[in-house]
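See below for protein39.pdb, which holds PDB, C-alpha atoms, pLDDT in the B column.
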MODEL        1
ATOM      1  CA  GLN A   1       0.000   0.000   0.000  1.00 89.00           C
ATOM      2  CA  LEU A   2       1.420   3.335  -1.075  1.00 93.00           C
ATOM      3  CA  GLN A   3       1.752   5.776   1.804  1.00 96.00           C
ATOM      4  CA  LEU A   4       3.490   8.966   2.806  1.00 97.00           C
ATOM      5  CA  VAL A   5       3.677   9.685   6.531  1.00 98.00           C
ATOM      6  CA  GLU A   6       4.943  12.984   7.903  1.00 98.00           C
ATOM      7  CA  SER A   7       6.334  13.465  11.398  1.00 98.00           C
ATOM      8  CA  GLY A   8       8.455  15.901  13.373  1.00 98.00           C
ATOM      9  CA  GLY A   9       6.096  18.840  13.704  1.00 97.00           C
ATOM     10  CA  GLY A  10       5.517  20.661  16.954  1.00 97.00           C
ATOM     11  CA  LEU A  11       5.736  23.946  18.818  1.00 98.00           C
ATOM     12  CA  VAL A  12       8.977  25.892  18.520  1.00 98.00           C
ATOM     13  CA  GLN A  13      10.031  29.423  19.423  1.00 98.00           C
ATOM     14  CA  PRO A  14      10.968  31.952  16.741  1.00 98.00           C
ATOM     15  CA  GLY A  15      14.550  31.372  15.656  1.00 98.00           C
ATOM     16  CA  GLY A  16      14.368  27.699  16.533  1.00 98.00           C
ATOM     17  CA  SER A  17      14.690  24.599  14.384  1.00 98.00           C
ATOM     18  CA  LEU A  18      12.707  21.509  13.503  1.00 98.00           C
ATOM     19  CA  ARG A  19      13.339  18.553  11.227  1.00 98.00           C
ATOM     20  CA  LEU A  20      10.361  17.053   9.446  1.00 98.00           C
ATOM     21  CA  SER A  21      10.379  13.513   8.090  1.00 98.00           C
ATOM     22  CA  CYS A  22       8.376  12.013   5.237  1.00 98.00           C
ATOM     23  CA  ALA A  23       8.468   8.226   5.328  1.00 97.00           C
ATOM     24  CA  ALA A  24       7.451   6.564   2.067  1.00 96.00           C
ATOM     25  CA  SER A  25       6.117   3.036   1.663  1.00 95.00           C
ATOM     26  CA  GLY A  26       4.819   1.103  -1.318  1.00 94.00           C
ATOM     27  CA  PHE A  27       7.223   2.732  -3.757  1.00 92.00           C
ATOM     28  CA  THR A  28      10.907   3.597  -4.058  1.00 88.00           C
ATOM     29  CA  LEU A  29      12.009   7.185  -3.591  1.00 84.00           C
ATOM     30  CA  GLY A  30      14.713   6.840  -6.209  1.00 84.00           C
ATOM     31  CA  TYR A  31      12.111   6.818  -8.996  1.00 90.00           C
ATOM     32  CA  TYR A  32      10.084   9.855  -7.948  1.00 94.00           C
ATOM     33  CA  ALA A  33      10.554  13.482  -7.080  1.00 96.00           C
ATOM     34  CA  ILE A  34       9.125  14.457  -3.678  1.00 97.00           C
ATOM     35  CA  ALA A  35       7.913  17.858  -2.554  1.00 98.00           C
ATOM     36  CA  TRP A  36       6.988  19.552   0.711  1.00 98.00           C
ATOM     37  CA  PHE A  37       3.986  21.870   0.870  1.00 98.00           C
ATOM     38  CA  ARG A  38       2.388  23.864   3.644  1.00 98.00           C
ATOM     39  CA  GLN A  39      -1.051  25.278   4.225  1.00 98.00           C
ATOM     40  CA  VAL A  40      -2.733  27.594   6.689  1.00 97.00           C
ATOM     41  CA  PRO A  41      -6.518  27.861   7.025  1.00 90.00           C
ATOM     42  CA  GLY A  42      -8.052  30.079   4.378  1.00 93.00           C
ATOM     43  CA  LYS A  43      -4.999  30.044   2.131  1.00 95.00           C
ATOM     44  CA  GLU A  44      -3.897  27.955  -0.814  1.00 95.00           C
ATOM     45  CA  ARG A  45      -1.415  25.159  -0.368  1.00 96.00           C
ATOM     46  CA  GLU A  46       2.078  26.540  -0.935  1.00 97.00           C
ATOM     47  CA  GLY A  47       5.044  24.648  -2.358  1.00 98.00           C
ATOM     48  CA  VAL A  48       7.987  24.847   0.035  1.00 98.00           C
ATOM     49  CA  SER A  49      10.717  22.606  -1.338  1.00 98.00           C
ATOM     50  CA  CYS A  50      11.269  19.629  -3.620  1.00 97.00           C
ATOM     51  CA  ILE A  51      13.962  17.115  -4.461  1.00 97.00           C
ATOM     52  CA  SER A  52      14.393  15.371  -7.799  1.00 95.00           C
ATOM     53  CA  SER A  53      14.239  11.589  -8.269  1.00 93.00           C
ATOM     54  CA  SER A  54      18.033  11.587  -8.664  1.00 91.00           C
ATOM     55  CA  GLY A  55      18.408  13.428  -5.388  1.00 91.00           C
ATOM     56  CA  ILE A  56      20.755  15.876  -7.093  1.00 91.00           C
ATOM     57  CA  SER A  57      18.428  18.806  -7.786  1.00 94.00           C
ATOM     58  CA  THR A  58      16.440  20.737  -5.234  1.00 97.00           C
ATOM     59  CA  ASN A  59      14.195  23.774  -5.320  1.00 97.00           C
ATOM     60  CA  TYR A  60      12.916  26.140  -2.649  1.00 98.00           C
ATOM     61  CA  ALA A  61      10.245  28.785  -2.308  1.00 98.00           C
ATOM     62  CA  ASP A  62      11.771  32.242  -1.966  1.00 98.00           C
ATOM     63  CA  SER A  63      10.273  32.549   1.511  1.00 97.00           C
ATOM     64  CA  VAL A  64      12.382  29.660   2.855  1.00 98.00           C
ATOM     65  CA  LYS A  65      15.604  29.886   0.831  1.00 98.00           C
ATOM     66  CA  GLY A  66      18.651  29.885   3.060  1.00 98.00           C
ATOM     67  CA  ARG A  67      16.651  28.596   6.046  1.00 98.00           C
ATOM     68  CA  PHE A  68      15.222  25.237   4.936  1.00 98.00           C
ATOM     69  CA  THR A  69      17.114  22.263   3.523  1.00 98.00           C
ATOM     70  CA  ILE A  70      15.576  19.215   1.870  1.00 98.00           C
ATOM     71  CA  SER A  71      17.382  15.891   1.795  1.00 97.00           C
ATOM     72  CA  ARG A  72      16.642  12.211   1.539  1.00 96.00           C
ATOM     73  CA  GLU A  73      17.936   8.873   2.753  1.00 95.00           C
ATOM     74  CA  ILE A  74      17.272   6.163   0.174  1.00 92.00           C
ATOM     75  CA  ALA A  75      18.075   3.329   2.584  1.00 94.00           C
ATOM     76  CA  GLU A  76      15.326   4.620   4.879  1.00 95.00           C
ATOM     77  CA  ASN A  77      13.005   5.604   1.993  1.00 95.00           C
ATOM     78  CA  THR A  78      12.579   8.925   3.787  1.00 97.00           C
ATOM     79  CA  VAL A  79      12.746  12.592   2.807  1.00 97.00           C
ATOM     80  CA  TYR A  80      13.654  15.230   5.369  1.00 98.00           C
ATOM     81  CA  LEU A  81      13.034  18.945   5.672  1.00 98.00           C
ATOM     82  CA  GLN A  82      15.431  20.709   8.013  1.00 98.00           C
ATOM     83  CA  MET A  83      13.911  24.027   9.059  1.00 98.00           C
ATOM     84  CA  ASN A  84      16.135  26.612  10.742  1.00 98.00           C
ATOM     85  CA  SER A  85      15.609  30.210  11.822  1.00 98.00           C
ATOM     86  CA  LEU A  86      11.888  29.585  12.010  1.00 98.00           C
ATOM     87  CA  LYS A  87       9.502  32.528  11.891  1.00 98.00           C
ATOM     88  CA  PRO A  88       5.885  32.835  13.055  1.00 98.00           C
ATOM     89  CA  GLU A  89       4.845  32.999   9.399  1.00 97.00           C
ATOM     90  CA  ASP A  90       6.186  29.463   8.940  1.00 98.00           C
ATOM     91  CA  THR A  91       3.313  28.206  11.082  1.00 98.00           C
ATOM     92  CA  ALA A  92       1.276  25.774   8.977  1.00 98.00           C
ATOM     93  CA  VAL A  93       0.404  22.157   8.382  1.00 98.00           C
ATOM     94  CA  TYR A  94       3.248  20.667   6.361  1.00 98.00           C
ATOM     95  CA  TYR A  95       2.586  17.938   3.803  1.00 98.00           C
ATOM     96  CA  CYS A  96       4.855  15.810   1.656  1.00 98.00           C
ATOM     97  CA  ALA A  97       3.724  14.581  -1.736  1.00 98.00           C
ATOM     98  CA  ARG A  98       4.885  12.433  -4.658  1.00 96.00           C
ATOM     99  CA  ASP A  99       5.280  13.816  -8.181  1.00 95.00           C
ATOM    100  CA  PHE A 100       3.456  11.420 -10.531  1.00 89.00           C
ATOM    101  CA  ARG A 101       4.894  12.644 -13.817  1.00 84.00           C
ATOM    102  CA  SER A 102       7.475  10.794 -15.890  1.00 69.00           C
ATOM    103  CA  ILE A 103      10.063  13.504 -15.586  1.00 72.00           C
ATOM    104  CA  GLY A 104      13.764  13.774 -15.944  1.00 70.00           C
ATOM    105  CA  GLN A 105      15.893  12.749 -13.049  1.00 79.00           C
ATOM    106  CA  HIS A 106      17.179  16.238 -12.317  1.00 89.00           C
ATOM    107  CA  VAL A 107      14.003  18.321 -12.058  1.00 91.00           C
ATOM    108  CA  CYS A 108      11.236  18.644  -9.503  1.00 94.00           C
ATOM    109  CA  SER A 109       8.026  20.616  -9.104  1.00 95.00           C
ATOM    110  CA  LEU A 110       6.404  22.792  -6.442  1.00 96.00           C
ATOM    111  CA  SER A 111       3.010  22.651  -8.113  1.00 96.00           C
ATOM    112  CA  PRO A 112       0.281  20.779  -6.173  1.00 96.00           C
ATOM    113  CA  GLY A 113      -1.266  19.708  -9.485  1.00 95.00           C
ATOM    114  CA  ASP A 114       1.798  17.604 -10.297  1.00 95.00           C
ATOM    115  CA  MET A 115       1.384  15.441  -7.182  1.00 96.00           C
ATOM    116  CA  ASP A 116      -0.591  12.213  -6.928  1.00 95.00           C
ATOM    117  CA  TYR A 117      -0.099  10.974  -3.362  1.00 96.00           C
ATOM    118  CA  TRP A 118      -0.122  13.090  -0.224  1.00 98.00           C
ATOM    119  CA  GLY A 119       0.553  12.492   3.404  1.00 98.00           C
ATOM    120  CA  LYS A 120      -1.880  13.624   6.099  1.00 98.00           C
ATOM    121  CA  GLY A 121       0.368  16.417   7.299  1.00 98.00           C
ATOM    122  CA  THR A 122       2.157  17.489  10.460  1.00 98.00           C
ATOM    123  CA  LEU A 123       1.504  20.757  12.279  1.00 98.00           C
ATOM    124  CA  VAL A 124       4.323  23.238  12.819  1.00 98.00           C
ATOM    125  CA  THR A 125       3.644  26.119  15.189  1.00 98.00           C
ATOM    126  CA  VAL A 126       6.217  28.887  15.613  1.00 98.00           C
ATOM    127  CA  SER A 127       5.326  31.031  18.594  1.00 97.00           C
ATOM    128  CA  SER A 128       6.834  32.506  21.717  1.00 95.00           C
TER     129      SER A 128
ENDMDL
END
Same coordinates, now as structure tokens:
Amino acid sequence: QLQLVESGGGLVQPGGSLRLSCAASGFTLGYYAIAWFRQVPGKEREGVSCISSSGISTNYADSVKGRFTISREIAENTVYLQMNSLKPEDTAVYYCARDFRSIGQHVCSLSPGDMDYWGKGTLVTVSS
């Protein structure tokens, strides 16, 4: 059964750090690009970061560049999102998703419409 399960969310003070995990099952990460999205109530889901199927290429939203880092561990079939220097505006439910397209190994997408499977999300709250 294909699944994506996020974990690692929680409450953190501004300036703090969190590492989110996205554990995949039912498919192999090496064949698919994976992306992280976030959403707050009343707003559209926003692409945060993605990593290509090769693991070589990454992409970040301007709002998180220099603060967030995406990585993956093939042996664990898991993608990580290291979030540093967190701000209150980073507060959201964070989702990971799989890109269903047959794409080149060195590209990835931050468009929700390019994803076919989603996790249920993990809540990140940045507050003092």
**Study point:** Residue members of the PyMOL selection byres ((chain A and resi 118) around 8) in the file shown, as number ranges by chain
**Key:** A: 3-4, 95-98, 115-117, 119-120
Exercise for review: Step by step, work through what the PyMOL selection byres ((chain A and resi 7-24) around 8) selects in the shown file, and finish by giving those residues as an MDAnalysis selection string.
Suggested key: chainID A and resid 2:6 25:29 76:88 96 121:128
Practice item. Skip Ser52 in chain A itself and residues of its chain fewer than 6 positions away, then list as a PyMOL selection string all residues within 10 Å of it, counting only C-alpha atoms. Key: chain A and resi 29-35+58-59+99+103-109
Export of the given selection (C-alpha atoms) as an mmCIF file, keeping the file's coordinate frame:
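What ended up in selection21.cif:
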data_model
loop_
_atom_site.group_PDB
_atom_site.id
_atom_site.type_symbol
_atom_site.label_atom_id
_atom_site.label_comp_id
_atom_site.auth_asym_id
_atom_site.auth_seq_id
_atom_site.Cartn_x
_atom_site.Cartn_y
_atom_site.Cartn_z
ATOM 1 C CA LEU A 29 12.009 7.185 -3.591
ATOM 2 C CA GLY A 30 14.713 6.840 -6.209
ATOM 3 C CA TYR A 31 12.111 6.818 -8.996
ATOM 4 C CA TYR A 32 10.084 9.855 -7.948
ATOM 5 C CA ALA A 33 10.554 13.482 -7.080
ATOM 6 C CA ILE A 34 9.125 14.457 -3.678
ATOM 7 C CA ALA A 35 7.913 17.858 -2.554
ATOM 8 C CA THR A 58 16.440 20.737 -5.234
ATOM 9 C CA ASN A 59 14.195 23.774 -5.320
ATOM 10 C CA ASP A 99 5.280 13.816 -8.181
ATOM 11 C CA ILE A 103 10.063 13.504 -15.586
ATOM 12 C CA GLY A 104 13.764 13.774 -15.944
ATOM 13 C CA GLN A 105 15.893 12.749 -13.049
ATOM 14 C CA HIS A 106 17.179 16.238 -12.317
ATOM 15 C CA VAL A 107 14.003 18.321 -12.058
ATOM 16 C CA CYS A 108 11.236 18.644 -9.503
ATOM 17 C CA SER A 109 8.026 20.616 -9.104
#
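Taking CA of Ser57 in chain A as the reference point, CA of Val93 in chain A is found at 24.4 Å.
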Exercise for review: Tell me which of A:Tyr60, A:Phe100, A:Tyr94, A:Phe68 sits closest to Phe37 in chain A, counting all atoms listed in the file.
Suggested key: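 Distance minimum relative to Phe37 in chain A lands on A:Tyr94.
Atom to atom, CA of Ala92 in chain A and CA of Lys43 in chain A stand 10.2 Å apart.
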Review point. In Å to one decimal, how far is CA of Lys65 in chain A from CA of Gly47 in chain A?
Key: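 These atoms are spaced 12.2 Å apart.
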Where's the centre, and what are the edge lengths in Å to one decimal, of a box along x, y and z enclosing all listed atoms of range 28-31 of chain A padded 8 Å per side, as lines of an AutoDock Vina configuration file?
center_x = 12.8
center_y = 5.4
center_z = -6.3
size_x = 19.8
size_y = 19.6
size_z = 21.4
Exercise for review: Identify which of the residues A:Arg67, A:Leu110, A:Asp62, A:Thr91 lies closest to Ser49 in chain A, counting only C-alpha atoms when measuring atom-to-atom distances.
Suggested key: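 Selected residue with least distance to Ser49 in chain A: A:Leu110.
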**Study point:** Pick from A:Gly55, A:Ile70, A:Asp114, A:Ala75, whichever lies nearest to Trp36 in chain A using all atoms listed in the file
**Key:**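 Going through A:Gly55, A:Ile70, A:Asp114, A:Ala75 one by one, the smallest distance to Trp36 in chain A is for A:Ile70.
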